[in-house]
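K.L.:
Handing over model.cif, mmCIF, C-alpha atoms.
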```cif
data_my_file
loop_
_atom_site.label_atom_id
_atom_site.label_comp_id
_atom_site.auth_asym_id
_atom_site.auth_seq_id
_atom_site.Cartn_x
_atom_site.Cartn_y
_atom_site.Cartn_z
CA MET A 1 107.01 104.61 128.88
CA THR A 2 108.00 100.98 128.42
CA PRO A 3 107.90 99.67 124.81
CA THR A 4 105.39 96.92 124.12
CA LYS A 5 107.37 93.74 123.68
CA GLY A 6 106.87 92.09 120.32
CA PHE A 7 105.20 94.94 118.43
CA GLU A 8 108.11 96.27 116.43
CA ALA A 9 108.20 97.51 112.84
CA ASP A 10 110.63 98.40 110.07
CA ILE A 11 109.84 100.84 107.27
CA ILE A 12 111.58 100.64 103.88
CA ALA A 13 111.18 103.42 101.32
CA THR A 14 112.34 102.48 97.82
CA GLY A 15 113.26 104.70 94.90
CA THR A 16 116.45 106.00 93.34
CA GLU A 17 114.80 109.42 93.18
CA LEU A 18 114.98 109.37 96.99
CA THR A 19 118.61 108.26 97.27
CA TYR A 20 119.61 110.85 94.65
CA GLY A 21 118.00 113.54 96.75
CA GLN A 22 115.56 114.56 94.04
CA PHE A 23 112.60 113.93 96.36
CA THR A 24 112.25 113.77 100.14
CA ASP A 25 110.94 110.62 101.79
CA THR A 26 107.89 111.88 103.70
CA ASN A 27 106.15 108.50 103.68
CA SER A 28 108.34 106.92 106.35
CA SER A 29 107.85 109.65 108.95
CA TRP A 30 104.08 109.64 108.34
CA ILE A 31 103.88 105.85 108.69
CA ALA A 32 106.12 105.90 111.78
CA ASN A 33 103.87 108.46 113.41
CA ARG A 34 100.72 106.43 112.73
CA LEU A 35 102.31 103.22 114.00
CA THR A 36 103.62 104.94 117.13
CA GLN A 37 100.19 106.39 117.84
CA HIS A 38 98.85 102.84 118.00
CA GLY A 39 101.45 101.21 120.21
CA PHE A 40 104.15 100.06 117.77
CA ILE A 41 107.85 100.72 118.17
CA VAL A 42 109.50 101.57 114.84
CA ARG A 43 113.01 100.18 115.05
CA ARG A 44 114.35 101.17 111.65
CA MET A 45 113.50 103.44 108.72
CA THR A 46 115.59 102.86 105.60
CA VAL A 47 115.71 104.46 102.15
CA VAL A 48 117.06 102.27 99.34
CA GLY A 49 117.44 102.83 95.61
CA ASP A 50 115.90 100.73 92.86
CA ARG A 51 118.25 97.79 93.41
CA ILE A 52 116.49 94.56 94.21
CA ASP A 53 119.31 93.21 96.40
CA ASP A 54 119.27 96.30 98.63
CA THR A 55 115.57 95.85 99.32
CA VAL A 56 116.03 92.10 99.86
CA LYS A 57 118.77 92.81 102.38
CA MET A 58 116.55 95.11 104.44
CA ILE A 59 113.62 92.66 104.31
CA ASN A 60 115.87 89.83 105.46
CA GLU A 61 117.19 91.93 108.34
CA GLY A 62 113.63 92.60 109.50
CA LEU A 63 112.77 88.91 109.23
CA ARG A 64 115.91 87.90 111.10
CA GLU A 65 115.13 90.38 113.88
CA ARG A 66 111.52 89.07 114.01
CA ARG A 67 109.72 92.33 113.33
CA LYS A 68 105.98 92.07 113.67
CA LEU A 69 105.51 94.34 110.63
CA ILE A 70 107.60 95.48 107.67
CA VAL A 71 106.09 98.27 105.55
CA ILE A 72 107.59 98.96 102.12
CA THR A 73 106.64 101.96 99.99
CA GLY A 74 107.32 102.39 96.28
CA GLY A 75 108.36 100.03 93.52
CA LEU A 76 104.90 98.76 92.55
CA GLY A 77 104.52 100.64 89.27
CA PRO A 78 104.84 99.54 85.64
CA SER A 79 108.50 100.48 85.08
CA GLU A 80 111.31 97.95 84.81
CA ASP A 81 112.94 99.41 87.93
CA ASP A 82 109.80 98.87 90.03
CA LEU A 83 111.02 95.75 91.80
CA THR A 84 109.41 95.59 95.23
CA VAL A 85 107.32 92.50 94.46
CA GLU A 86 110.38 90.69 93.11
CA ALA A 87 112.37 91.71 96.21
CA ILE A 88 109.75 90.30 98.58
CA ALA A 89 109.56 87.08 96.55
CA LYS A 90 113.35 86.70 96.55
CA ALA A 91 113.59 87.34 100.29
CA LEU A 92 110.94 84.70 100.98
CA GLY A 93 112.11 82.22 98.37
CA ARG A 94 108.83 82.35 96.46
CA ASP A 95 107.78 82.89 92.84
CA THR A 96 106.09 85.93 91.34
CA ILE A 97 102.94 85.62 89.27
CA ILE A 98 100.45 87.85 87.47
CA GLY A 99 97.60 87.70 89.95
CA ARG A 100 94.14 87.21 88.47
CA ARG A 101 92.40 89.47 90.98
CA ALA A 102 95.19 92.04 90.79
CA GLN A 103 94.90 92.09 87.00
CA GLU A 104 91.16 92.70 87.31
CA MET A 105 91.87 95.64 89.61
CA VAL A 106 94.41 97.13 87.20
CA ARG A 107 92.09 96.59 84.23
CA ALA A 108 89.23 98.36 86.02
CA LYS A 109 91.47 101.31 86.89
CA CYS A 110 92.79 101.54 83.33
CA GLN A 111 89.22 101.68 82.05
CA GLU A 112 88.38 104.34 84.65
CA PHE A 113 91.29 106.51 83.50
CA SER A 114 90.94 105.59 79.77
CA ILE A 115 94.39 103.93 79.71
CA GLU A 116 95.11 101.07 77.32
CA LEU A 117 95.91 97.85 79.23
CA THR A 118 99.25 96.99 77.62
CA GLY A 119 101.91 94.61 78.90
CA ARG A 120 103.53 97.54 80.67
CA TRP A 121 100.43 98.16 82.79
CA LYS A 122 99.96 94.44 83.44
CA ARG A 123 103.24 94.57 85.36
CA MET A 124 101.33 96.24 88.17
CA ALA A 125 99.39 92.99 88.65
CA ARG A 126 102.54 91.18 89.77
CA MET A 127 102.08 89.35 93.07
CA VAL A 128 104.13 87.09 95.28
CA LYS A 129 102.66 83.63 94.82
CA GLY A 130 100.12 82.84 97.52
CA THR A 131 99.24 86.45 98.38
CA SER A 132 96.25 88.67 97.68
CA PRO A 133 96.30 92.24 96.34
CA LEU A 134 95.26 95.26 98.41
CA VAL A 135 92.79 97.66 96.84
CA ASN A 136 94.20 101.03 95.78
CA PRO A 137 91.23 103.45 95.79
CA ILE A 138 93.16 106.30 94.16
CA GLY A 139 95.78 104.98 91.74
CA LEU A 140 96.47 102.03 89.49
CA ALA A 141 98.89 99.78 91.37
CA PRO A 142 97.44 97.40 93.99
CA GLY A 143 99.35 96.83 97.21
CA THR A 144 100.28 93.44 98.57
CA ARG A 145 100.44 91.72 101.96
CA VAL A 146 102.25 88.49 102.86
CA ARG A 147 103.09 86.68 106.08
CA SER A 148 106.33 84.88 106.85
CA GLY A 149 106.50 83.29 110.27
CA GLY A 150 105.47 85.97 112.73
CA THR A 151 106.22 88.84 110.34
CA THR A 152 103.71 90.56 108.07
CA ILE A 153 105.16 92.37 105.06
CA VAL A 154 103.00 95.01 103.39
CA ALA A 155 103.94 96.85 100.19
CA LEU A 156 102.19 100.11 99.31
CA PRO A 157 102.61 102.60 96.45
CA GLY A 158 105.12 105.37 96.95
CA ILE A 159 102.79 108.21 95.98
CA PRO A 160 101.64 109.67 99.32
CA LYS A 161 98.04 110.36 98.26
CA GLU A 162 97.73 106.67 97.33
CA MET A 163 99.78 105.28 100.22
CA LYS A 164 97.95 107.06 103.07
CA PRO A 165 94.38 105.84 102.41
CA MET A 166 95.72 102.34 101.77
CA PHE A 167 97.58 102.39 105.08
CA GLU A 168 94.41 103.50 106.88
CA ALA A 169 92.31 100.83 105.15
CA HIS A 170 94.64 97.84 105.18
CA ILE A 171 97.33 98.28 107.85
CA LEU A 172 95.75 100.31 110.62
CA PRO A 173 92.92 97.83 111.41
CA MET A 174 95.49 95.04 111.61
CA VAL A 175 97.72 97.10 113.92
CA GLN A 176 94.80 98.01 116.19
CA MET A 177 93.81 94.36 116.43
CA TRP A 178 97.35 93.40 117.45
CA THR A 179 98.21 96.09 119.96
CA LYS A 180 94.89 97.35 121.32
CA GLU A 181 96.92 100.36 122.40
CA GLN A 182 96.96 104.02 121.53
CA VAL A 183 99.41 106.83 122.16
CA ARG A 184 98.59 110.34 123.30
CA THR A 185 101.09 113.20 123.16
CA ILE A 186 101.57 116.78 124.30
CA ASN A 187 104.23 119.07 122.85
CA LEU A 188 105.59 121.64 125.29
CA ARG A 189 107.93 124.59 125.30
CA ILE A 190 109.61 125.25 128.63
CA PHE A 191 111.23 128.57 129.43
CA PHE A 192 113.42 127.60 132.38
CA GLY A 193 114.42 130.10 135.01
CA LYS A 194 116.71 128.28 137.43
CA ASN A 195 117.43 124.69 138.48
CA ARG A 196 116.61 123.26 135.07
CA SER A 197 118.37 119.93 135.67
CA THR A 198 116.75 119.51 139.07
CA VAL A 199 113.28 120.18 137.67
CA LEU A 200 113.76 117.71 134.81
CA ARG A 201 115.03 114.97 137.11
CA GLN A 202 112.17 115.53 139.50
CA VAL A 203 109.39 115.33 136.93
CA GLN A 204 110.94 112.29 135.22
CA SER A 205 111.28 110.44 138.53
CA GLU A 206 107.64 111.12 139.43
CA PHE A 207 106.20 110.10 136.03
CA GLN A 208 108.22 107.12 134.87
CA ASP A 209 105.35 105.72 132.78
CA VAL A 210 105.32 108.81 130.57
CA HIS A 211 108.05 109.17 127.97
CA LEU A 212 109.72 112.59 127.83
CA LYS A 213 111.67 113.47 124.68
CA ILE A 214 113.68 116.70 124.56
CA HIS A 215 114.14 118.18 121.07
CA ALA A 216 117.67 119.39 120.49
CA LYS A 217 118.34 122.95 119.34
CA PRO A 218 121.51 124.68 118.16
CA PRO A 219 123.66 126.11 120.97
CA ALA A 220 122.76 129.59 122.21
CA HIS A 221 124.34 132.18 124.47
CA ASP A 222 121.35 131.74 126.79
CA ARG A 223 122.52 128.47 128.37
CA GLN A 224 119.42 128.05 130.52
CA GLY A 225 117.21 128.27 127.43
CA TYR A 226 115.00 130.97 128.92
CA ALA A 227 114.90 133.20 125.84
CA LYS A 228 114.47 130.43 123.24
CA GLY A 229 112.72 127.83 125.34
CA MET A 230 113.22 124.08 125.34
CA ASP A 231 110.84 122.01 123.20
CA MET A 232 109.83 118.55 124.32
CA THR A 233 107.19 115.89 123.78
CA LEU A 234 105.39 113.96 126.48
CA MET A 235 104.02 110.59 125.34
CA ALA A 236 101.74 108.14 127.16
CA LYS A 237 100.66 104.77 125.79
CA GLY A 238 97.94 102.35 126.86
CA ALA A 239 94.73 100.54 125.99
CA ASP A 240 92.62 103.27 127.59
CA PRO A 241 93.09 106.63 125.84
CA ARG A 242 91.35 108.42 128.72
CA ALA A 243 93.92 107.07 131.16
CA CYS A 244 96.69 108.26 128.83
CA ARG A 245 95.14 111.71 128.68
CA LYS A 246 94.80 111.92 132.45
CA ALA A 247 98.41 110.83 132.97
CA LEU A 248 99.63 113.54 130.60
CA GLU A 249 97.45 116.24 132.11
CA LYS A 250 98.63 115.34 135.61
CA MET A 251 102.26 115.46 134.48
CA VAL A 252 101.80 118.83 132.81
CA ARG A 253 100.24 120.30 135.97
CA ARG A 254 103.14 119.08 138.07
CA PHE A 255 105.71 120.17 135.47
CA ARG A 256 104.18 123.64 135.28
CA SER A 257 104.21 123.97 139.06
CA LEU A 258 107.88 122.99 139.31
CA VAL A 259 108.89 125.30 136.46
CA GLU A 260 106.99 128.30 137.82
CA ASP A 261 108.35 127.73 141.33
CA ASN A 262 111.79 128.16 139.75
CA ASP A 263 111.00 131.41 137.90
CA GLY A 264 110.16 129.83 134.55
CA ARG A 265 107.07 129.18 132.48
CA LEU A 266 105.52 126.35 130.47
CA GLU A 267 103.56 126.58 127.23
CA ILE A 268 101.53 123.85 125.53
CA ILE A 269 102.34 123.98 121.81
CA GLU A 270 100.17 121.09 120.60
CA ALA A 271 98.15 118.34 122.25
CA ASP A 272 96.92 115.08 120.74
CA LEU A 273 94.55 113.94 123.46
#
```
Could you render the structure as structure tokens?

P.N.:
Amino acid sequence: MTPTKGFEADIIATGTELTYGQFTDTNSSWIANRLTQHGFIVRRMTVVGDRIDDTVKMINEGLRERRKLIVITGGLGPSEDDLTVEAIAKALGRDTIIGRRAQEMVRAKCQEFSIELTGRWKRMARMVKGTSPLVNPIGLAPGTRVRSGGTTIVALPGIPKEMKPMFEAHILPMVQMWTKEQVRTINLRIFFGKNRSTVLRQVQSEFQDVHLKIHAKPPAHDRQGYAKGMDMTLMAKGADPRACRKALEKMVRRFRSLVEDNDGRLEIIEADL
């Protein structure tokens, strides 16, 4: 499977609680999966603490490498160490402001949750000058989206139950408009009998438009992997999801035939068709 030129993304997860190991960054893998399903190539996923210069550095690297999309999670809350908006502004050489529309959003959410709108909560209305806030249907902090050259930077809250619906509402439609591609996958487990290397080379040479990723496992006494099996993912990408599905199904039939002809067996673990 050949990557789509130009549609590349970076993901930046912010929060000292992540770099201290107190919490696991699940946002980045979820976002990467959604972007990959719709034709993007995620080039880099980075976790940084609550230091503005670390976030600025990663944004600038994405801008320098001309990413189509940079997604940042976390750092939009009311605390003094929530600095994502300031980091974006610094990277772009712009000012930060208290956005009028963003403040209206925060005020409405505070009223909904019976929270007093103090200066602390007004911090969540911070925006990079010239940008508009993104509606947060679950929590208090709006997201933000800004363009710089050919790169779009989107900042979303770090709380997964807030981040996911905002991604689906604000990022996914944009991604689908850009790529017009989707990805379909099948996860397999192969119990090889003999000629494993020959079978793998054969199926890869016959289906060069389908990406085959083997998942590594710890070493075992069973060198052929017959007892434990070898897990792998087949991935096809294109504008027509039916064509992707047919390509995968054809590859699986051929793969199964080759494996069984060599005293092995193939199992489908999961299919996203």

K.L.:
Got a sec: who's within 8 Å of segment 153-161 of chain A, counting only C-alpha atoms, leaving out chain neighbours fewer than 3 positions off, as a list in words?

P.N.:
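Close residues of segment 153-161 of chain A: Ala13, Thr14, Thr26, Asn27, Leu69, Ile70, Val71, Ile72, Thr73, Gly74, Gly75, Leu76, Gly77, Thr84, Val85, Ile138, Ala141, Pro142, Gly143, Thr144, Arg145, Val146, Arg147, Ser148, Lys164, Pro165, Met166, Phe167 and Ile171 of chain A.
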
K.L.:
Return as a ChimeraX atom specification the set of residues that the PyMOL selection byres ((chain A and resi 19) around 12) yields on the displayed structure.

P.N.:
/A:13-18,20-25,46-51

K.L.:
Could you state which residues are captured by the PyMOL selection byres ((chain A and resi 34-45) around 8) in this file, as an MDAnalysis selection string?

P.N.:
chainID A and resid 3:4 7:13 28 30:33 46:47 172 175:176 179:184 237:238

K.L.:
Could you give me, as a VMD selection string, the residues that have an atom at most 10 Å away from the point (99.2, 112.3, 126.3) in the coordinates of the file, using all atoms listed in the file?

P.N.:
chain A and resid 182 to 187 210 to 211 233 to 237 241 to 252 271 to 273

K.L.:
Given the PyMOL selection byres ((chain A and resi 266) around 8) and the file above, list the residues it selects as a PyMOL selection string.

P.N.:
chain A and resi 188-191+255-256+259-260+264-265+267-268

K.L.:
What is the distance between atom CA of Asn60 of chain A and atom CA of Gly149 of chain A, in Å to one decimal?

P.N.:
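A separation of 12.4 Å between them.
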
K.L.:
Atom CA of Ser257 of chain A and atom CA of Gly229 of chain A, how far apart in Å?

P.N.:
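Straight-line distance from atom CA of Gly229 of chain A to atom CA of Ser257 of chain A works out to 16.6 Å.
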
K.L.:
Measure the distance from atom CA of Pro137 of chain A to atom CA of Thr118 of chain A in Å and round it to one decimal.

P.N.:
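Interatomic distance here is 20.9 Å.
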
K.L.:
Determine the nearest neighbour of Arg67 of chain A from the options A:Thr151, A:Ala91, A:Val128, A:Arg101, counting all atoms listed in the file.

P.N.:
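Under the stated criterion, the closest residue is A:Thr151.
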